Amino acid sequence: MRPRTICLAAAAVLATAATWALTPPAANAATAGCSVSYRVTGSWQGGFQGDIGITNLGDPLPAWSLGFTFPTSTQKVTQAWGGTATQTGAQVTITNAAWNGSLGTNATTSIGFIGSWSGSNPAPASFTVNGVTCTGGTTTPPTTPPPSTPPPVAGPAPALKVSGNKLVTPDGTVVKLYGVNRSGGEFACIQGNGFWNGPMDQSSIDAMRAWKVRAVRVPLNEECWLGTPDVPAAYGGAAYQNEVKAYVNLLVRNGITPIVEMHWNYGLYTGTSSGCSDVKATCQKPMPDAQYAPAFWTGVATAFKGNDAVILDLFNEPYPERATGDATSGWKCWRDGGTCPGIGYQVAGFQGLVDTVRATGATNVIMIGGLAYSNDLSQWLTYAPADPLHNLAAFAHIYNFNSCANTSCWDSQLAPVAARVPLTLTEIGENDCAHGFVDTLMDWADAHGVGYLGWTWNTWDCSTGPSLISDYDGTATAYGQGLKAHLARVSS
């Protein structure tokens with residue numbers, strides 16, 4: 001994803017999903033608890049009306065989000081009042097209205113709704129409010145360490161290689177990549193605003209480690225690395241390269257796996273879903289260019305060869321099918337490059353870029369995404385480049401506004417890839433400052449042995465970023481709280 005404060009996504013690019021609005025519980029709340037009543041107040045063939053009562057038994061809540069799962073896949077909430085309802089599969093989330101968000105201790109509120117069903121209409125078995133299961137009692141959650149107290153560093157990030165569908169260390173330990181993206185290196189330099197966006201120092205990494213972040217994806221700009229005339233001299237070439245190498249090495253020393261990726265590249269593209277009309281590397285292009293991309297990857301691979309703790313991500317979000325006109329021609333362009341219909345510059349295909357990296361002697365794991373802004377992996381296994389080292393991994397980007405944004409699509413498109421090669425969701429997020437969507441996505445990923453990285457560790461408006469933090473000390477946004485809580489459970 002490119003920063004939306006820099007370049008707004010075209011409406012035609014992405015399928016719009018329903019808006020979520022989940023508000024997390026306050027960190028380290030003294031007590032939490034709730035009770036919920038659910039009743040059907042009217043029923044007819046194929047439809048029903050219901051009422052849900054919520055009582056907050058814990059500390060006062062400034063906002064609330066009710067969650068439950070229908071027992072059957074045919075049950076749907078079609079309309080609600082007293083709250084905003086959204087549904088993915090059988091999972092329902094209802095967030096407060098503007099007038100009833102505040103619930104004091106023992107305060108109650110109610111939600112009315114219309115639903116549909118077929119076959120049977122059983123009541124949900126369990127409910128949560130702000131992620132807390134409603135048992136009719138209260139709990140006192142354990143106190144968590146403040147963000148300024150990261151866990152001790154166990155050692156540098158390990159060298160990684162591909163073994164079947166897993167990433168493993170030299171001793172065979174399986175590693176899943178859990179972490180965040182650190183945006184800035186792809187745009188600040190070419191805009192003349194420095195190398196990065198926000199601090200890239202030890203203190204900022206300590207804040208990440210306090211979240212149990214174990215992987216950081218570092219987006220780069222092709223022209224800044226190469227120091228082309230389009231880049232202010234102070235922020236390009238050797239100066240930029242030294243900044244990148246220093247940050248990547250700092251991550252490794254802190255036990256964090258860096259994923260170095262080419263985000264923005266040179267090439268004029270004004271066709272379908274174009275992000276900009278600029279030939280410069282100032283927006284997302286449909287594919288890497290043959291003019292500069294091989295030189296970029298020769299330089300990056302040379303810089304990090306011999307350090308297999310660093311993963312090389314060849315390109316952020318390909319979308320050649322938007323230019324070529326269909327998926328088949330898009331996948332061929334994706335793999336082979338050359339002259340691709342609808343793209344006005346010569347394309348560097350991923351087979352050629354894999355060959356470029358390996359020609360340097362670099363043995364690092366290489367990651368490659370799919371079509372549709374890395375949201376479509378349907379033919380990834382069919383068109384995957386050949387790697388003489390058999391050290392390729394796949395990645396996908398999943399947002400609530402993508403086309404592949406539900407469990408049925410993940411089961412059909414992602415799961416087969418994850419069964420054959422290591423798969424990481426290197427960008428996940430939602431554009432509503434909530435975390436209901438990513439919670440569901442992370443649960444799916446956990447069940448399939450798939451890692452994930454949230455977009456992004458930057459202090460932007462979470463609805464336009466989206467952004468995980470509101471301060472570089474690690475203060476989570478409402479959206480970021482979902483990833484933070486999940487990493488606390490699954491990351492080592």
# chains A, B, ... in the order shown; residues from 1 in each chain; ligands from 1

call {"tool": "residues_around", "arguments": {"residues": "Ala476 (chain A)", "least_positions_apart": "4", "cutoff": "10 Å", "atoms": "only C-alpha atoms", "output": "ChimeraX atom specification"}}
result
/A:27,147,211,457,459,467-472,480-484

call {"tool": "select_by_dssp", "arguments": {"residues": "region 131-291 of chain A", "states": "alpha helix (DSSP H)", "output": "ChimeraX atom specification"}}
result
/A:202-210,222-226,238-253

call {"tool": "closest_residue", "arguments": {"among": "A:Asp308, A:Asp59, A:Glu321, A:Asp387", "to": "Val252 (chain A)", "atoms": "only C-alpha atoms"}}
result
A:Asp308

call {"tool": "closest_residue", "arguments": {"among": "A:Phe437, A:Trp64, A:Tyr479, A:Trp297", "to": "Gly89 (chain A)", "atoms": "only C-alpha atoms"}}
result
A:Phe437

call {"tool": "residues_around", "arguments": {"residues": "region 353-363 of chain A", "least_positions_apart": "2", "cutoff": "8 Å", "atoms": "only C-alpha atoms", "output": "ChimeraX atom specification"}}
result
/A:293-294,297-298,301-302,304-306,308,314,348-351,365-366,385-387,389,391

call {"tool": "select_by_dssp", "arguments": {"residues": "region 112-329 of chain A", "states": "strand (DSSP E)", "output": "CSV table (one decimal) with N, CA, C and O atoms, in the first residue's frame"}}
result
chain,number,residue,atom,x,y,z
A,112,GLY,N,-31.6,-3.1,18.6
A,112,GLY,CA,-32.6,-3.8,17.9
A,112,GLY,C,-32.1,-4.1,16.5
A,112,GLY,O,-31.3,-3.4,16.0
A,113,PHE,N,-32.6,-5.2,15.9
A,113,PHE,CA,-32.1,-5.5,14.6
A,113,PHE,C,-33.2,-6.4,13.9
A,113,PHE,O,-34.0,-7.0,14.5
A,114,ILE,N,-33.0,-6.4,12.5
A,114,ILE,CA,-33.8,-7.3,11.6
A,114,ILE,C,-32.8,-8.2,11.0
A,114,ILE,O,-31.7,-7.8,10.7
A,115,GLY,N,-33.1,-9.5,10.9
A,115,GLY,CA,-32.3,-10.5,10.4
A,115,GLY,C,-32.9,-11.4,9.4
A,115,GLY,O,-34.2,-11.4,9.3
A,116,SER,N,-32.1,-12.2,8.7
A,116,SER,CA,-32.7,-13.2,7.8
A,116,SER,C,-32.1,-14.6,8.2
A,116,SER,O,-31.0,-14.7,8.8
A,127,PHE,N,-21.0,-14.0,23.6
A,127,PHE,CA,-20.9,-12.6,23.2
A,127,PHE,C,-19.7,-12.0,23.8
A,127,PHE,O,-19.3,-12.4,24.9
A,128,THR,N,-19.1,-11.0,23.2
A,128,THR,CA,-18.0,-10.3,23.7
A,128,THR,C,-18.4,-8.8,23.6
A,128,THR,O,-19.1,-8.3,22.7
A,129,VAL,N,-17.8,-8.0,24.6
A,129,VAL,CA,-17.9,-6.5,24.5
A,129,VAL,C,-16.4,-6.1,24.6
A,129,VAL,O,-15.7,-6.4,25.6
A,132,VAL,N,-13.9,-8.7,25.4
A,132,VAL,CA,-14.1,-9.5,26.7
A,132,VAL,C,-15.3,-10.3,26.6
A,132,VAL,O,-16.4,-9.8,26.3
A,133,THR,N,-15.1,-11.6,26.9
A,133,THR,CA,-16.3,-12.5,26.9
A,133,THR,C,-17.2,-12.2,28.0
A,133,THR,O,-16.8,-12.0,29.2
A,138,THR,N,-16.8,-10.2,36.4
A,138,THR,CA,-15.8,-9.3,36.1
A,138,THR,C,-14.4,-10.0,36.2
A,138,THR,O,-14.3,-11.0,37.0
A,139,THR,N,-13.4,-9.5,35.5
A,139,THR,CA,-12.1,-10.0,35.6
A,139,THR,C,-11.1,-8.8,35.8
A,139,THR,O,-11.5,-7.6,35.4
A,161,LYS,N,16.0,-19.6,5.7
A,161,LYS,CA,16.0,-20.3,4.4
A,161,LYS,C,14.6,-20.9,4.3
A,161,LYS,O,13.9,-21.1,5.3
A,162,VAL,N,14.3,-21.3,3.1
A,162,VAL,CA,13.0,-22.0,2.8
A,162,VAL,C,13.2,-23.5,3.0
A,162,VAL,O,14.1,-24.1,2.4
A,163,SER,N,12.3,-24.1,3.7
A,163,SER,CA,12.2,-25.6,3.8
A,163,SER,C,10.8,-26.0,3.6
A,163,SER,O,10.0,-25.8,4.5
A,166,LYS,N,7.9,-23.7,4.9
A,166,LYS,CA,8.2,-23.0,6.1
A,166,LYS,C,9.5,-22.2,5.9
A,166,LYS,O,10.4,-22.5,5.1
A,167,LEU,N,9.6,-21.1,6.7
A,167,LEU,CA,10.9,-20.4,6.9
A,167,LEU,C,11.5,-21.0,8.1
A,167,LEU,O,10.9,-21.1,9.2
A,168,VAL,N,12.8,-21.4,8.0
A,168,VAL,CA,13.5,-22.0,9.1
A,168,VAL,C,14.9,-21.4,9.3
A,168,VAL,O,15.5,-20.8,8.4
A,174,VAL,N,11.4,-23.4,13.0
A,174,VAL,CA,10.4,-22.7,12.2
A,174,VAL,C,10.2,-21.3,12.7
A,174,VAL,O,10.0,-21.1,13.9
A,175,VAL,N,10.2,-20.4,11.7
A,175,VAL,CA,10.0,-19.0,12.1
A,175,VAL,C,8.8,-18.4,11.3
A,175,VAL,O,8.7,-18.6,10.1
A,178,TYR,N,6.1,-12.1,12.2
A,178,TYR,CA,5.0,-11.3,12.9
A,178,TYR,C,5.6,-9.9,13.0
A,178,TYR,O,6.7,-9.7,13.6
A,179,GLY,N,4.9,-8.8,12.5
A,179,GLY,CA,5.5,-7.5,12.7
A,179,GLY,C,4.7,-6.4,12.1
A,179,GLY,O,3.5,-6.4,12.0
A,180,VAL,N,5.5,-5.4,11.6
A,180,VAL,CA,4.9,-4.2,11.1
A,180,VAL,C,5.7,-3.7,9.8
A,180,VAL,O,6.8,-4.2,9.6
A,181,ASN,N,5.1,-2.8,9.1
A,181,ASN,CA,5.7,-2.1,8.0
A,181,ASN,C,6.2,-0.7,8.6
A,181,ASN,O,5.6,-0.2,9.5
A,215,ALA,N,9.4,-8.8,12.9
A,215,ALA,CA,9.8,-8.6,11.5
A,215,ALA,C,9.3,-7.2,11.2
A,215,ALA,O,8.3,-6.7,11.6
A,216,VAL,N,10.2,-6.5,10.4
A,216,VAL,CA,9.8,-5.1,9.9
A,216,VAL,C,10.1,-5.0,8.4
A,216,VAL,O,11.2,-5.3,8.0
A,217,ARG,N,9.1,-4.6,7.7
A,217,ARG,CA,9.2,-4.5,6.3
A,217,ARG,C,9.6,-3.0,6.0
A,217,ARG,O,9.0,-2.1,6.5
A,218,VAL,N,10.7,-2.8,5.2
A,218,VAL,CA,11.2,-1.5,4.9
A,218,VAL,C,11.0,-1.2,3.5
A,218,VAL,O,11.8,-1.6,2.6
A,219,PRO,N,10.0,-0.4,3.1
A,219,PRO,CA,9.8,0.0,1.7
A,219,PRO,C,10.9,1.0,1.2
A,219,PRO,O,11.2,2.0,1.9
A,220,LEU,N,11.4,0.8,0.0
A,220,LEU,CA,12.4,1.6,-0.6
A,220,LEU,C,12.0,2.2,-1.9
A,220,LEU,O,11.0,1.7,-2.5
A,221,ASN,N,12.7,3.2,-2.3
A,221,ASN,CA,12.5,3.9,-3.6
A,221,ASN,C,13.6,3.6,-4.5
A,221,ASN,O,14.8,3.8,-4.2
A,257,THR,N,13.7,-9.4,12.1
A,257,THR,CA,14.0,-9.8,10.7
A,257,THR,C,13.6,-8.6,9.7
A,257,THR,O,12.4,-8.2,9.7
A,258,PRO,N,14.5,-8.1,9.0
A,258,PRO,CA,14.1,-7.0,8.0
A,258,PRO,C,13.7,-7.6,6.7
A,258,PRO,O,14.2,-8.6,6.2
A,259,ILE,N,12.6,-7.0,6.1
A,259,ILE,CA,12.2,-7.4,4.8
A,259,ILE,C,12.4,-6.1,3.9
A,259,ILE,O,11.7,-5.1,4.1
A,260,VAL,N,13.4,-6.1,3.1
A,260,VAL,CA,13.7,-5.0,2.2
A,260,VAL,C,13.0,-5.1,0.9
A,260,VAL,O,13.1,-6.1,0.2
A,261,GLU,N,12.2,-4.1,0.6
A,261,GLU,CA,11.4,-4.2,-0.7
A,261,GLU,C,11.4,-3.0,-1.5
A,261,GLU,O,11.6,-1.8,-1.0
A,262,MET,N,11.3,-3.2,-2.8
A,262,MET,CA,11.2,-2.0,-3.8
A,262,MET,C,9.7,-1.6,-3.9
A,262,MET,O,8.9,-2.4,-4.3
A,263,HIS,N,9.4,-0.4,-3.4
A,263,HIS,CA,8.0,0.0,-3.3
A,263,HIS,C,7.6,0.8,-4.5
A,263,HIS,O,6.6,0.5,-5.2
A,264,TRP,N,8.4,1.9,-4.8
A,264,TRP,CA,8.1,2.8,-5.9
A,264,TRP,C,9.2,2.8,-6.9
A,264,TRP,O,10.4,2.7,-6.5
A,311,ILE,N,15.5,-10.5,4.3
A,311,ILE,CA,14.7,-11.0,3.3
A,311,ILE,C,14.5,-9.9,2.2
A,311,ILE,O,14.4,-8.7,2.5
A,312,LEU,N,14.5,-10.4,0.9
A,312,LEU,CA,14.4,-9.5,-0.2
A,312,LEU,C,13.0,-9.6,-0.8
A,312,LEU,O,12.7,-10.7,-1.3
A,313,ASP,N,12.2,-8.5,-0.8
A,313,ASP,CA,10.9,-8.5,-1.4
A,313,ASP,C,11.0,-7.7,-2.7
A,313,ASP,O,11.2,-6.5,-2.7

call {"tool": "closest_residue", "arguments": {"among": "A:Thr440, A:Asn431, A:Thr282, A:Leu251", "to": "Gln87 (chain A)", "atoms": "only C-alpha atoms"}}
result
A:Thr440

call {"tool": "atom_distance", "arguments": {"atom1": "CA of Pro124 (chain A)", "atom2": "CA of Asn96 (chain A)"}}
result
19.5 Å

call {"tool": "closest_residue", "arguments": {"among": "A:Gln379, A:Gln49, A:Ser102, A:Ser491", "to": "Ser412 (chain A)", "atoms": "only C-alpha atoms"}}
result
A:Gln379

call {"tool": "residues_around", "arguments": {"residues": "His448 (chain A)", "least_positions_apart": "4", "cutoff": "10 Å", "atoms": "only C-alpha atoms", "output": "list in words"}}
result
Asp411, Leu414, Ala415, Ala418, Ala419, Leu423, Met442, Asp443 and Trp444 of chain A

call {"tool": "write_last_selection", "arguments": {"atoms": "C-alpha atoms", "output": "short mmCIF file (atom, residue, chain, number, x, y, z; two decimals), in the first residue's frame"}}
result
data_model
loop_
_atom_site.label_atom_id
_atom_site.label_comp_id
_atom_site.auth_asym_id
_atom_site.auth_seq_id
_atom_site.Cartn_x
_atom_site.Cartn_y
_atom_site.Cartn_z
CA ASP A 411 -9.31 -20.59 1.70
CA LEU A 414 -4.12 -18.30 -0.10
CA ALA A 415 -4.35 -21.68 1.59
CA ALA A 418 0.61 -21.64 2.04
CA ALA A 419 0.55 -25.42 1.73
CA LEU A 423 3.40 -17.35 2.89
CA MET A 442 -5.02 -12.94 11.88
CA ASP A 443 -7.09 -15.78 13.32
CA TRP A 444 -7.27 -17.30 9.84
#

call {"tool": "residues_around", "arguments": {"residues": "Met200 (chain A)", "least_positions_apart": "2", "cutoff": "7 Å", "atoms": "only C-alpha atoms", "output": "PyMOL selection string"}}
result
chain A and resi 198+204+247

call {"tool": "residues_around", "arguments": {"residues": "Phe395 (chain A)", "least_positions_apart": "4", "cutoff": "9 Å", "atoms": "only C-alpha atoms", "output": "number ranges by chain"}}
result
A: 313, 367-370, 374-375, 377, 422-427

call {"tool": "write_last_selection", "arguments": {"atoms": "N, CA and C atoms", "output": "mmCIF file, in the first residue's frame"}}
result
data_model
loop_
_atom_site.group_PDB
_atom_site.id
_atom_site.type_symbol
_atom_site.label_atom_id
_atom_site.label_comp_id
_atom_site.auth_asym_id
_atom_site.auth_seq_id
_atom_site.Cartn_x
_atom_site.Cartn_y
_atom_site.Cartn_z
ATOM 1 N N ASP A 313 12.241 -8.544 -0.829
ATOM 2 C CA ASP A 313 10.874 -8.497 -1.377
ATOM 3 C C ASP A 313 10.958 -7.725 -2.695
ATOM 4 N N MET A 367 11.068 -12.879 -1.615
ATOM 5 C CA MET A 367 9.605 -12.863 -1.540
ATOM 6 C C MET A 367 9.012 -12.229 -2.784
ATOM 7 N N ILE A 368 7.886 -12.782 -3.252
ATOM 8 C CA ILE A 368 7.191 -12.219 -4.410
ATOM 9 C C ILE A 368 5.693 -12.245 -4.132
ATOM 10 N N GLY A 369 5.006 -11.155 -4.473
ATOM 11 C CA GLY A 369 3.555 -11.078 -4.319
ATOM 12 C C GLY A 369 2.840 -11.569 -5.562
ATOM 13 N N GLY A 370 1.559 -11.240 -5.698
ATOM 14 C CA GLY A 370 0.764 -11.683 -6.841
ATOM 15 C C GLY A 370 0.216 -10.526 -7.633
ATOM 16 N N SER A 374 -0.985 -7.385 -5.161
ATOM 17 C CA SER A 374 -0.573 -8.511 -4.315
ATOM 18 C C SER A 374 -1.737 -9.105 -3.532
ATOM 19 N N ASN A 375 -2.956 -8.873 -3.991
ATOM 20 C CA ASN A 375 -4.139 -9.426 -3.334
ATOM 21 C C ASN A 375 -4.632 -10.706 -3.998
ATOM 22 N N LEU A 377 -3.431 -14.316 -5.452
ATOM 23 C CA LEU A 377 -2.403 -15.341 -5.575
ATOM 24 C C LEU A 377 -2.918 -16.567 -6.317
ATOM 25 N N PRO A 422 6.397 -20.950 1.879
ATOM 26 C CA PRO A 422 6.129 -20.031 2.984
ATOM 27 C C PRO A 422 5.303 -18.839 2.491
ATOM 28 N N LEU A 423 4.263 -18.485 3.234
ATOM 29 C CA LEU A 423 3.399 -17.355 2.887
ATOM 30 C C LEU A 423 3.326 -16.407 4.075
ATOM 31 N N THR A 424 3.523 -15.124 3.790
ATOM 32 C CA THR A 424 3.381 -14.077 4.798
ATOM 33 C C THR A 424 2.476 -12.990 4.236
ATOM 34 N N LEU A 425 1.562 -12.514 5.052
ATOM 35 C CA LEU A 425 0.724 -11.372 4.680
ATOM 36 C C LEU A 425 1.502 -10.127 5.083
ATOM 37 N N THR A 426 2.300 -9.609 4.145
ATOM 38 C CA THR A 426 3.239 -8.547 4.493
ATOM 39 C C THR A 426 2.584 -7.178 4.651
ATOM 40 N N GLU A 427 1.341 -7.037 4.250
ATOM 41 C CA GLU A 427 0.544 -5.867 4.603
ATOM 42 C C GLU A 427 -0.855 -6.340 4.948
#
